[in-house]
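Source file: final_21.csv; contents: CSV, C-alpha atoms and all ligand atoms.
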```csv
chain,number,residue,atom,x,y,z
D,20,MET,CA,-11.3,1.5,11.8
D,21,ASN,CA,-7.6,1.9,12.0
D,22,PHE,CA,-4.5,-0.3,12.0
D,23,LYS,CA,-1.9,0.6,14.6
D,24,LEU,CA,1.8,0.6,13.6
D,25,ASN,CA,4.5,-0.6,16.0
D,26,ASN,CA,5.3,3.1,16.9
D,27,GLY,CA,1.6,3.7,17.9
D,28,VAL,CA,0.7,5.6,14.7
D,29,LEU,CA,-2.9,4.9,13.5
D,30,VAL,CA,-3.5,4.2,9.8
D,31,PRO,CA,-7.0,4.3,8.3
D,32,SER,CA,-7.7,0.7,7.4
D,33,ILE,CA,-8.5,1.1,3.7
D,34,GLY,CA,-6.2,3.3,1.6
D,35,PHE,CA,-7.0,4.8,-1.8
D,36,GLY,CA,-4.5,3.3,-4.3
D,37,THR,CA,-3.4,5.6,-7.1
D,38,TRP,CA,-1.0,3.4,-9.2
D,39,GLN,CA,-1.9,3.7,-12.9
D,40,ILE,CA,-4.0,6.9,-12.3
D,41,SER,CA,-2.5,9.6,-14.5
D,42,ASN,CA,-1.8,13.1,-13.2
D,43,GLU,CA,-4.7,14.3,-15.4
D,44,ASP,CA,-7.2,11.9,-13.8
D,45,ALA,CA,-5.7,11.9,-10.3
D,46,TYR,CA,-7.1,15.3,-9.2
D,47,GLU,CA,-10.7,14.4,-9.6
D,48,ALA,CA,-10.3,10.8,-8.5
D,49,THR,CA,-8.6,11.8,-5.3
D,50,LEU,CA,-10.9,14.7,-4.5
D,51,ASN,CA,-13.9,12.4,-5.0
D,52,ALA,CA,-12.3,9.7,-2.9
D,53,ILE,CA,-11.7,12.2,0.0
D,54,LYS,CA,-15.2,13.6,-0.3
D,55,ILE,CA,-16.8,10.2,0.1
D,56,GLY,CA,-14.6,9.3,3.1
D,57,TYR,CA,-11.2,8.0,2.2
D,58,ARG,CA,-8.6,9.4,4.6
D,59,HIS,CA,-5.6,7.4,3.4
D,60,ILE,CA,-4.0,8.0,0.0
D,61,ASP,CA,-1.2,6.0,-1.4
D,62,THR,CA,1.0,7.4,-4.1
D,63,ALA,CA,4.6,7.3,-5.3
D,64,TYR,CA,7.1,9.5,-7.1
D,65,ALA,CA,7.1,6.9,-9.9
D,66,TYR,CA,3.3,7.2,-10.4
D,67,GLN,CA,3.9,10.8,-11.7
D,68,ASN,CA,0.6,11.9,-10.1
D,69,GLU,CA,1.8,13.5,-6.8
D,70,GLU,CA,1.2,17.1,-8.1
D,71,ALA,CA,-2.5,16.5,-8.8
D,72,ILE,CA,-2.9,14.5,-5.6
D,73,GLY,CA,-1.4,17.4,-3.7
D,74,ARG,CA,-3.9,19.8,-5.2
D,75,ALA,CA,-6.8,17.5,-4.4
D,76,ILE,CA,-5.6,17.3,-0.8
D,77,LYS,CA,-5.5,21.1,-0.5
D,78,ASP,CA,-8.9,21.6,-2.2
D,79,SER,CA,-10.6,19.0,-0.1
D,80,LYS,CA,-10.2,21.4,2.9
D,81,ILE,CA,-9.9,18.3,5.2
D,82,ASP,CA,-7.5,19.1,8.0
D,83,ARG,CA,-4.1,17.7,7.2
D,84,SER,CA,-4.0,15.8,10.6
D,85,GLU,CA,-7.0,13.7,9.5
D,86,LEU,CA,-5.3,12.5,6.4
D,87,PHE,CA,-2.7,9.7,6.1
D,88,ILE,CA,-0.5,10.2,3.0
D,89,THR,CA,2.0,7.7,1.7
D,90,SER,CA,4.7,8.1,-1.0
D,91,LYS,CA,7.6,6.1,-2.1
D,92,LEU,CA,11.3,6.4,-3.0
D,93,PRO,CA,11.9,5.5,-6.7
D,94,SER,CA,13.2,2.0,-7.1
D,95,ASP,CA,16.4,3.1,-8.8
D,96,ILE,CA,17.5,5.6,-6.1
D,97,LYS,CA,19.8,3.6,-3.8
D,98,SER,CA,21.8,6.2,-1.9
D,99,TYR,CA,21.6,8.3,1.3
D,100,ASP,CA,21.7,11.6,-0.6
D,101,GLY,CA,19.3,10.4,-3.2
D,102,ALA,CA,16.8,9.3,-0.6
D,103,LYS,CA,16.8,12.8,0.9
D,104,GLU,CA,16.6,14.5,-2.5
D,105,TYR,CA,13.7,12.4,-3.7
D,106,PHE,CA,11.8,12.6,-0.4
D,107,ASN,CA,12.0,16.4,-0.8
D,108,LYS,CA,10.8,16.2,-4.4
D,109,SER,CA,7.7,14.2,-3.3
D,110,LEU,CA,7.0,16.6,-0.5
D,111,ASN,CA,7.2,19.6,-2.9
D,112,LEU,CA,5.1,17.9,-5.6
D,113,LEU,CA,2.5,17.0,-2.9
D,114,ASN,CA,2.8,20.5,-1.5
D,115,LEU,CA,3.0,19.0,2.1
D,116,GLU,CA,5.1,19.7,5.1
D,117,TYR,CA,5.4,16.1,6.2
D,118,LEU,CA,4.4,12.6,5.1
D,119,ASP,CA,2.7,10.0,7.2
D,120,LEU,CA,4.5,7.1,5.5
D,121,TYR,CA,7.5,6.9,3.2
D,122,LEU,CA,8.5,3.6,1.6
D,123,ILE,CA,11.5,2.2,-0.4
D,124,HIS,CA,9.5,1.3,-3.5
D,125,ALA,CA,11.3,-1.9,-4.3
D,126,PRO,CA,14.5,-3.7,-3.3
D,127,TRP,CA,15.9,-3.3,-6.8
D,128,PRO,CA,15.2,-1.0,-9.8
D,129,TRP,CA,12.1,-2.2,-11.8
D,130,SER,CA,14.4,-2.1,-14.8
D,131,ASN,CA,16.7,-4.7,-13.2
D,132,ILE,CA,14.5,-6.9,-11.0
D,133,GLY,CA,16.6,-9.1,-8.6
D,134,LEU,CA,19.8,-6.9,-8.7
D,135,ASP,CA,21.6,-7.0,-5.4
D,136,CYS,CA,21.1,-3.5,-3.9
D,137,LYS,CA,21.7,-4.5,-0.3
D,138,ASP,CA,24.2,-1.7,0.4
D,139,GLY,CA,22.2,1.0,-1.4
D,140,ASN,CA,19.0,0.0,0.4
D,141,ILE,CA,20.9,0.3,3.7
D,142,GLU,CA,22.1,3.8,2.8
D,143,ALA,CA,18.6,4.9,1.7
D,144,TRP,CA,17.2,3.4,4.9
D,145,LYS,CA,19.6,5.4,7.1
D,146,ALA,CA,18.4,8.6,5.4
D,147,MET,CA,14.8,7.6,6.0
D,148,VAL,CA,15.4,6.8,9.7
D,149,GLU,CA,17.0,10.2,10.1
D,150,LEU,CA,14.0,11.9,8.4
D,151,TYR,CA,11.7,10.0,10.6
D,152,LYS,CA,13.6,10.9,13.8
D,153,ASN,CA,13.6,14.6,12.7
D,154,GLY,CA,9.8,14.6,12.3
D,155,TYR,CA,9.5,14.8,8.5
D,156,ILE,CA,7.8,11.4,8.3
D,157,ARG,CA,5.5,9.7,10.8
D,158,SER,CA,6.4,6.2,9.8
D,159,ILE,CA,8.7,4.5,7.3
D,160,GLY,CA,8.9,1.2,5.6
D,161,VAL,CA,9.5,-0.8,2.4
D,162,SER,CA,7.6,-2.3,-0.5
D,163,ASN,CA,8.0,-5.5,-2.5
D,164,PHE,CA,10.7,-6.6,0.1
D,165,LEU,CA,11.2,-10.2,1.0
D,166,GLU,CA,12.4,-11.3,4.4
D,167,SER,CA,15.9,-11.5,3.0
D,168,ASP,CA,15.7,-7.9,1.8
D,169,ILE,CA,14.3,-6.6,5.2
D,170,LYS,CA,16.8,-8.3,7.5
D,171,PRO,CA,19.9,-6.4,6.4
D,172,LEU,CA,18.2,-3.1,7.0
D,173,ILE,CA,17.4,-4.1,10.6
D,174,GLU,CA,20.9,-5.6,11.2
D,175,ALA,CA,22.5,-2.3,9.9
D,176,THR,CA,20.4,0.2,11.8
D,177,GLY,CA,18.4,-1.7,14.5
D,178,PHE,CA,15.3,0.0,13.0
D,179,ILE,CA,12.4,-2.3,12.0
D,180,PRO,CA,10.3,-1.0,9.2
D,181,HIS,CA,6.8,-0.1,10.2
D,182,VAL,CA,5.2,-1.4,6.9
D,183,ASN,CA,5.9,-3.7,4.0
D,184,GLN,CA,3.6,-3.0,1.1
D,185,ILE,CA,3.3,-6.1,-1.2
D,186,ARG,CA,1.1,-7.5,-4.0
D,187,PHE,CA,-1.5,-9.3,-2.0
D,188,PHE,CA,-5.0,-10.7,-2.9
D,189,ILE,CA,-7.1,-13.8,-2.6
D,190,GLY,CA,-5.0,-16.6,-4.2
D,191,ASN,CA,-1.7,-14.7,-3.8
D,192,THR,CA,-1.1,-14.3,-0.1
D,193,GLN,CA,2.7,-14.9,0.2
D,194,GLU,CA,2.1,-16.8,3.4
D,195,LYS,CA,5.8,-17.1,4.5
D,196,LEU,CA,6.5,-13.4,4.0
D,197,LEU,CA,3.2,-12.5,5.6
D,198,LYS,CA,4.0,-14.5,8.7
D,199,TYR,CA,7.5,-13.0,9.0
D,200,CYS,CA,6.1,-9.5,8.8
D,201,GLN,CA,3.3,-10.1,11.2
D,202,ASP,CA,5.7,-11.9,13.7
D,203,ASN,CA,7.9,-8.8,13.6
D,204,ASN,CA,5.1,-6.3,14.0
D,205,ILE,CA,5.5,-5.0,10.4
D,206,LEU,CA,2.1,-4.1,9.0
D,207,VAL,CA,1.5,-5.6,5.6
D,208,GLU,CA,-0.3,-3.3,3.1
D,209,ALA,CA,-2.0,-5.1,0.2
D,210,TYR,CA,-1.6,-3.4,-3.2
D,211,SER,CA,-3.7,-4.7,-6.1
D,212,PRO,CA,-6.2,-6.3,-3.6
D,213,LEU,CA,-8.5,-7.0,-6.7
D,214,ALA,CA,-5.5,-8.4,-8.6
D,215,THR,CA,-6.0,-5.3,-10.9
D,216,GLY,CA,-9.4,-6.7,-11.7
D,217,ASN,CA,-8.4,-10.2,-12.5
D,218,ILE,CA,-10.1,-12.1,-9.6
D,219,LEU,CA,-13.5,-10.6,-10.2
D,220,ASN,CA,-14.8,-13.8,-12.1
D,221,ASP,CA,-13.5,-16.4,-9.6
D,222,LYS,CA,-16.3,-18.9,-8.9
D,223,ASN,CA,-15.4,-19.4,-5.2
D,224,ILE,CA,-15.2,-15.7,-4.5
D,225,ILE,CA,-18.6,-15.2,-6.3
D,226,GLU,CA,-20.1,-17.8,-4.0
D,227,VAL,CA,-18.9,-16.0,-0.9
D,228,ALA,CA,-20.1,-12.7,-2.3
D,229,ASN,CA,-23.6,-14.1,-3.0
D,230,LYS,CA,-23.8,-15.5,0.5
D,231,HIS,CA,-23.2,-12.1,2.1
D,232,ASN,CA,-25.1,-10.2,-0.6
D,233,VAL,CA,-22.0,-8.1,-1.4
D,234,THR,CA,-19.8,-7.8,-4.5
D,235,VAL,CA,-16.7,-9.8,-5.3
D,236,ALA,CA,-14.6,-6.7,-5.0
D,237,GLN,CA,-16.0,-6.2,-1.5
D,238,VAL,CA,-15.1,-9.8,-0.5
D,239,ALA,CA,-11.6,-9.3,-1.9
D,240,ILE,CA,-11.1,-6.1,0.1
D,241,ARG,CA,-12.7,-7.5,3.3
D,242,TYR,CA,-10.5,-10.6,2.9
D,243,CYS,CA,-7.4,-8.4,3.2
D,244,ILE,CA,-8.6,-6.9,6.4
D,245,GLU,CA,-9.6,-10.3,7.9
D,246,ARG,CA,-6.0,-11.4,7.2
D,247,ASN,CA,-4.7,-8.3,9.1
D,248,THR,CA,-3.4,-6.6,5.9
D,249,LEU,CA,-4.3,-3.1,4.8
D,250,PRO,CA,-6.0,-3.0,1.3
D,251,LEU,CA,-5.2,-0.3,-1.2
D,252,PRO,CA,-7.9,-0.6,-3.8
D,253,LYS,CA,-7.7,1.7,-6.8
D,254,SER,CA,-10.7,3.1,-8.7
D,255,THR,CA,-11.3,6.2,-10.7
D,256,ASN,CA,-15.1,5.5,-10.7
D,257,LEU,CA,-17.1,7.1,-7.9
D,258,GLU,CA,-19.5,4.3,-7.4
D,259,ARG,CA,-16.7,1.7,-7.2
D,260,GLN,CA,-14.8,4.0,-4.9
D,261,LYS,CA,-17.8,4.0,-2.6
D,262,MET,CA,-18.3,0.2,-2.9
D,263,ASN,CA,-14.6,-0.4,-2.0
D,264,LEU,CA,-15.0,1.5,1.2
D,265,ASP,CA,-18.2,-0.1,2.2
D,266,VAL,CA,-17.0,-3.5,3.6
D,267,ASP,CA,-18.4,-3.5,7.1
D,268,PHE,CA,-19.4,-7.2,7.1
D,269,LYS,CA,-17.6,-10.2,8.5
D,270,LEU,CA,-16.3,-13.2,6.7
D,271,ASP,CA,-16.7,-16.4,8.8
D,272,LYS,CA,-14.4,-19.3,9.3
D,273,GLU,CA,-15.9,-21.3,6.5
D,274,ASP,CA,-15.6,-18.3,4.0
D,275,LEU,CA,-12.0,-17.8,5.0
D,276,GLU,CA,-11.2,-21.5,4.6
D,277,LYS,CA,-12.7,-21.4,1.1
D,278,LEU,CA,-10.9,-18.2,0.1
D,279,ASN,CA,-7.6,-19.4,1.5
D,280,LYS,CA,-7.8,-22.4,-0.9
D,281,VAL,CA,-8.3,-20.2,-4.0
D,282,HIS,CA,-5.2,-20.5,-6.1
D,283,ASN,CA,-4.7,-18.9,-9.4
D,284,LYS,CA,-1.4,-20.1,-10.8
D,285,GLU,CA,-1.4,-17.4,-13.4
D,286,LEU,CA,-1.6,-14.6,-10.8
D,287,ASP,CA,0.6,-16.2,-8.2
D,288,ARG,CA,3.7,-14.3,-8.6
D,289,PRO,CA,5.1,-12.0,-5.9
D,290,LEU,CA,5.7,-9.0,-8.1
D,291,ARG,CA,3.9,-6.6,-10.3
D,292,SER,CA,5.2,-7.0,-13.9
D,301,LIG,P1,-11.8,1.4,-12.3
D,301,LIG,O1,-10.7,2.4,-11.9
D,301,LIG,O2,-12.4,1.7,-13.6
D,301,LIG,O3,-12.8,1.3,-11.2
D,301,LIG,P2,-6.5,-3.1,-7.9
D,301,LIG,O4,-7.1,-2.2,-6.8
D,301,LIG,O5,-6.4,-4.5,-7.6
D,301,LIG,O6,-5.3,-2.5,-8.6
D,301,LIG,O7,-7.7,-3.1,-9.1
D,301,LIG,C1,-7.9,-2.0,-9.9
D,301,LIG,C2,-8.7,-2.3,-11.1
D,301,LIG,O8,-10.0,-2.9,-10.7
D,301,LIG,C3,-9.1,-1.2,-11.9
D,301,LIG,O9,-9.1,-1.6,-13.3
D,301,LIG,C4,-10.4,-0.7,-11.4
D,301,LIG,O10,-11.1,0.0,-12.5
D,301,LIG,C5,-11.1,-2.0,-11.1
D,301,LIG,N1,-12.0,-1.9,-9.9
D,301,LIG,C6,-11.8,-1.1,-8.8
D,301,LIG,N2,-12.8,-1.3,-8.0
D,301,LIG,C7,-13.7,-2.1,-8.5
D,301,LIG,C8,-14.9,-2.7,-8.1
D,301,LIG,N3,-15.5,-2.4,-7.0
D,301,LIG,N4,-15.6,-3.5,-9.0
D,301,LIG,C9,-15.0,-3.8,-10.2
D,301,LIG,N5,-13.8,-3.4,-10.6
D,301,LIG,C10,-13.2,-2.5,-9.8
```
What does the file become when written as structure tokens?
Ligand code: A2P
Amino acid sequence: MNFKLNNGVLVPSIGFGTWQISNEDAYEATLNAIKIGYRHIDTAYAYQNEEAIGRAIKDSKIDRSELFITSKLPSDIKSYDGAKEYFNKSLNLLNLEYLDLYLIHAPWPWSNIGLDCKDGNIEAWKAMVELYKNGYIRSIGVSNFLESDIKPLIEATGFIPHVNQIRFFIGNTQEKLLKYCQDNNILVEAYSPLATGNILNDKNIIEVANKHNVTVAQVAIRYCIERNTLPLPKSTNLERQKMNLDVDFKLDKEDLEKLNKVHNKELDRPLRS
């Protein structure tokens, strides 16, 4: 199954997340993921694993056109020239000729969360629109952006991001932001769909999993799809990689009502720390 972006580009509906996978581990993890059927890989310059992922892509021998590869502009690069420079660095590390999706990693540097970088984001966005129009990227977007971060980009360029990648999982669904993105045809991608492992013991999710004879992780991943968001589960373990791709079951209205009510105060924050 695919999601369709507002420019018609199709995106495989589950992506392989690679945050927190080191360059040493990323080669084998990515090669395995591709072997068992993942066709969508999500990385970032900041993850420092693009080189290994690039090798795995090459060695997989899968036709480039069948893969969907995402990378991200480092959060502290907030200029037109910087955006082009770092896009090329990612392309070189990945050893690719184009990317399927390139995102501004965050509206502010991770070292200074909340800093007003509106002008810098607009400059970076202009460079990305140009790269998109020149065919180096098939789609462009943002990550960790709120509505108030997205609007200035659209006002300055008239170009609506194709994607906003946010921290999204059962109990942390950022409903207002989700609605804004979906109303504006911006695909929401869900990073940490398993709350980096922290929702696996939730009583309500376990009940739903038992009902369908699946695992809690599978419910968490299926939930993202049912909410029209694209999950990016991360695993370095082959069996769990397989499990996370095997979510061809339906959650019914009653399940969704129950899962929508799950609320974990501890985890309910919009950002990764
Ligand atoms: P591992 O890599 O050892 O499988 P998220 O995708 O929300 O960031 O969560 C990733 C975390 O959840 C990792 O610690 C990963 O560990 C673990 N994980 C991934 N898939 C599963 C699964 N199917 N069941 C249990 N834990 C999982």
#### Entry: Nearest residue to Asp274 in chain D from the set D:Ser79, D:Gly154, D:Asn203, D:Ile189 (distances using only C-alpha atoms)
D:Ile189
### Task
May I ask you to write as an NGL selection string all residues lying at most 9 Å from ligand LIG 301 (chain D), with only C-alpha atoms and all ligand atoms counted?
:D and (35-40 or 186-188 or 209-219 or 234-237 or 240 or 250-263)
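Counting only C-alpha atoms and comparing D:Thr176, D:Ala45, D:Ala228, D:Val233, the residue that lies closest to Asp265 in chain D is D:Val233.
Coordinates place CA of Tyr66 in chain D at a distance of 13.0 Å from CA of Trp129 in chain D.
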Centre and edge lengths of an axis-aligned box around all listed atoms of range 105-120 of chain D, with 3 Å added on each side, are to be given in Å to one decimal, as AutoDock Vina command-line options.
```
--center_x 8.1 --center_y 13.8 --center_z 0.8 --size_x 17.2 --size_y 19.4 --size_z 18.8
```
### Task
Find the residue from D:Asn220, D:Glu149, D:Leu264, D:Phe178 that sits nearest to Arg58 in chain D; use all atoms listed in the file when measuring.
D:Leu264
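Using only C-alpha atoms, the smallest distance between any of D:Lys222, D:Lys97, D:Lys195, D:Lys230 and Trp127 in chain D comes from D:Lys97.
Using only C-alpha atoms, the contacts of Asn26 in chain D at a cut-off of 8 Å, with sequence neighbours closer than 2 positions omitted, comprise Lys23, Leu24, Val28, Ser158 and His181 of chain D.
The two atoms in question, CA of Asn68 in chain D and CA of Asn21 in chain D, are spaced 25.6 Å apart.
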Counting only C-alpha atoms, which residues of range 155-201 of chain D fall within 12 Å of range 80-91 of chain D, and what is the closest atom pair for each with its distance in Å at one decimal, ordered by chain and rising number, as a tab-separated table?
```
residue	atom	partner	partner_atom	distance
D:Ile156	CA	D:Thr89	CA	9.5
D:Arg157	CA	D:Phe87	CA	9.5
D:Ser158	CA	D:Thr89	CA	9.3
D:Ile159	CA	D:Thr89	CA	9.3
D:Gly160	CA	D:Lys91	CA	9.2
D:Val161	CA	D:Lys91	CA	8.5
D:Ser162	CA	D:Lys91	CA	8.6
D:Asn163	CA	D:Lys91	CA	11.6
D:Val182	CA	D:Thr89	CA	11.0
D:Asn183	CA	D:Lys91	CA	11.7
D:Gln184	CA	D:Lys91	CA	10.4
```
Serialized selection, C-alpha atoms, as a PDB file, in the frame of the given file:
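Ended up saving to again_8.pdb:
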```
ATOM      1  CA  ILE D 156       7.800  11.400   8.300  1.00  0.00           C
ATOM      2  CA  ARG D 157       5.500   9.700  10.800  1.00  0.00           C
ATOM      3  CA  SER D 158       6.400   6.200   9.800  1.00  0.00           C
ATOM      4  CA  ILE D 159       8.700   4.500   7.300  1.00  0.00           C
ATOM      5  CA  GLY D 160       8.900   1.200   5.600  1.00  0.00           C
ATOM      6  CA  VAL D 161       9.500  -0.800   2.400  1.00  0.00           C
ATOM      7  CA  SER D 162       7.600  -2.300  -0.500  1.00  0.00           C
ATOM      8  CA  ASN D 163       8.000  -5.500  -2.500  1.00  0.00           C
ATOM      9  CA  VAL D 182       5.200  -1.400   6.900  1.00  0.00           C
ATOM     10  CA  ASN D 183       5.900  -3.700   4.000  1.00  0.00           C
ATOM     11  CA  GLN D 184       3.600  -3.000   1.100  1.00  0.00           C
TER      12      GLN D 184
END
```
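Pairwise distance (CA of Val207 in chain D, CA of Leu249 in chain D) equals 6.4 Å.
Of the residues listed (D:Asp168, D:Glu43, D:Glu116, D:Glu104), D:Asp168 shows the shortest atom-to-atom separation from Leu134 in chain D; distances use all atoms listed in the file.
When all atoms listed in the file are used to measure the gap to Asn223 in chain D, the shortest distance among D:His59, D:Lys280, D:Lys145, D:Lys103 belongs to D:Lys280.
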### Task
In the coordinate frame of the file, compute which residues have an atom within 9 Å of (5.5, -6.5, 15.1) when using all atoms listed in the file, and state them as a ChimeraX atom specification.
/D:24-25,179,181,200-206
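A cut-off of 8 Å from the point (-6.3, -1.3, 10.4), with all atoms listed in the file, picks out the residues Met20, Asn21, Phe22, Lys23, Leu29, Val30, Pro31, Ser32, Ile33, Ile244, Asn247, Thr248 and Leu249 of chain D.
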### Message
Can you tell me which residues surround Ala71 in chain D at a distance of at most 10 Å, considering only C-alpha atoms, apart from same-chain residues fewer than 5 positions away, and format the answer as an MDAnalysis selection string?
### Response
chainID D and resid 41:50 76:77 112:114
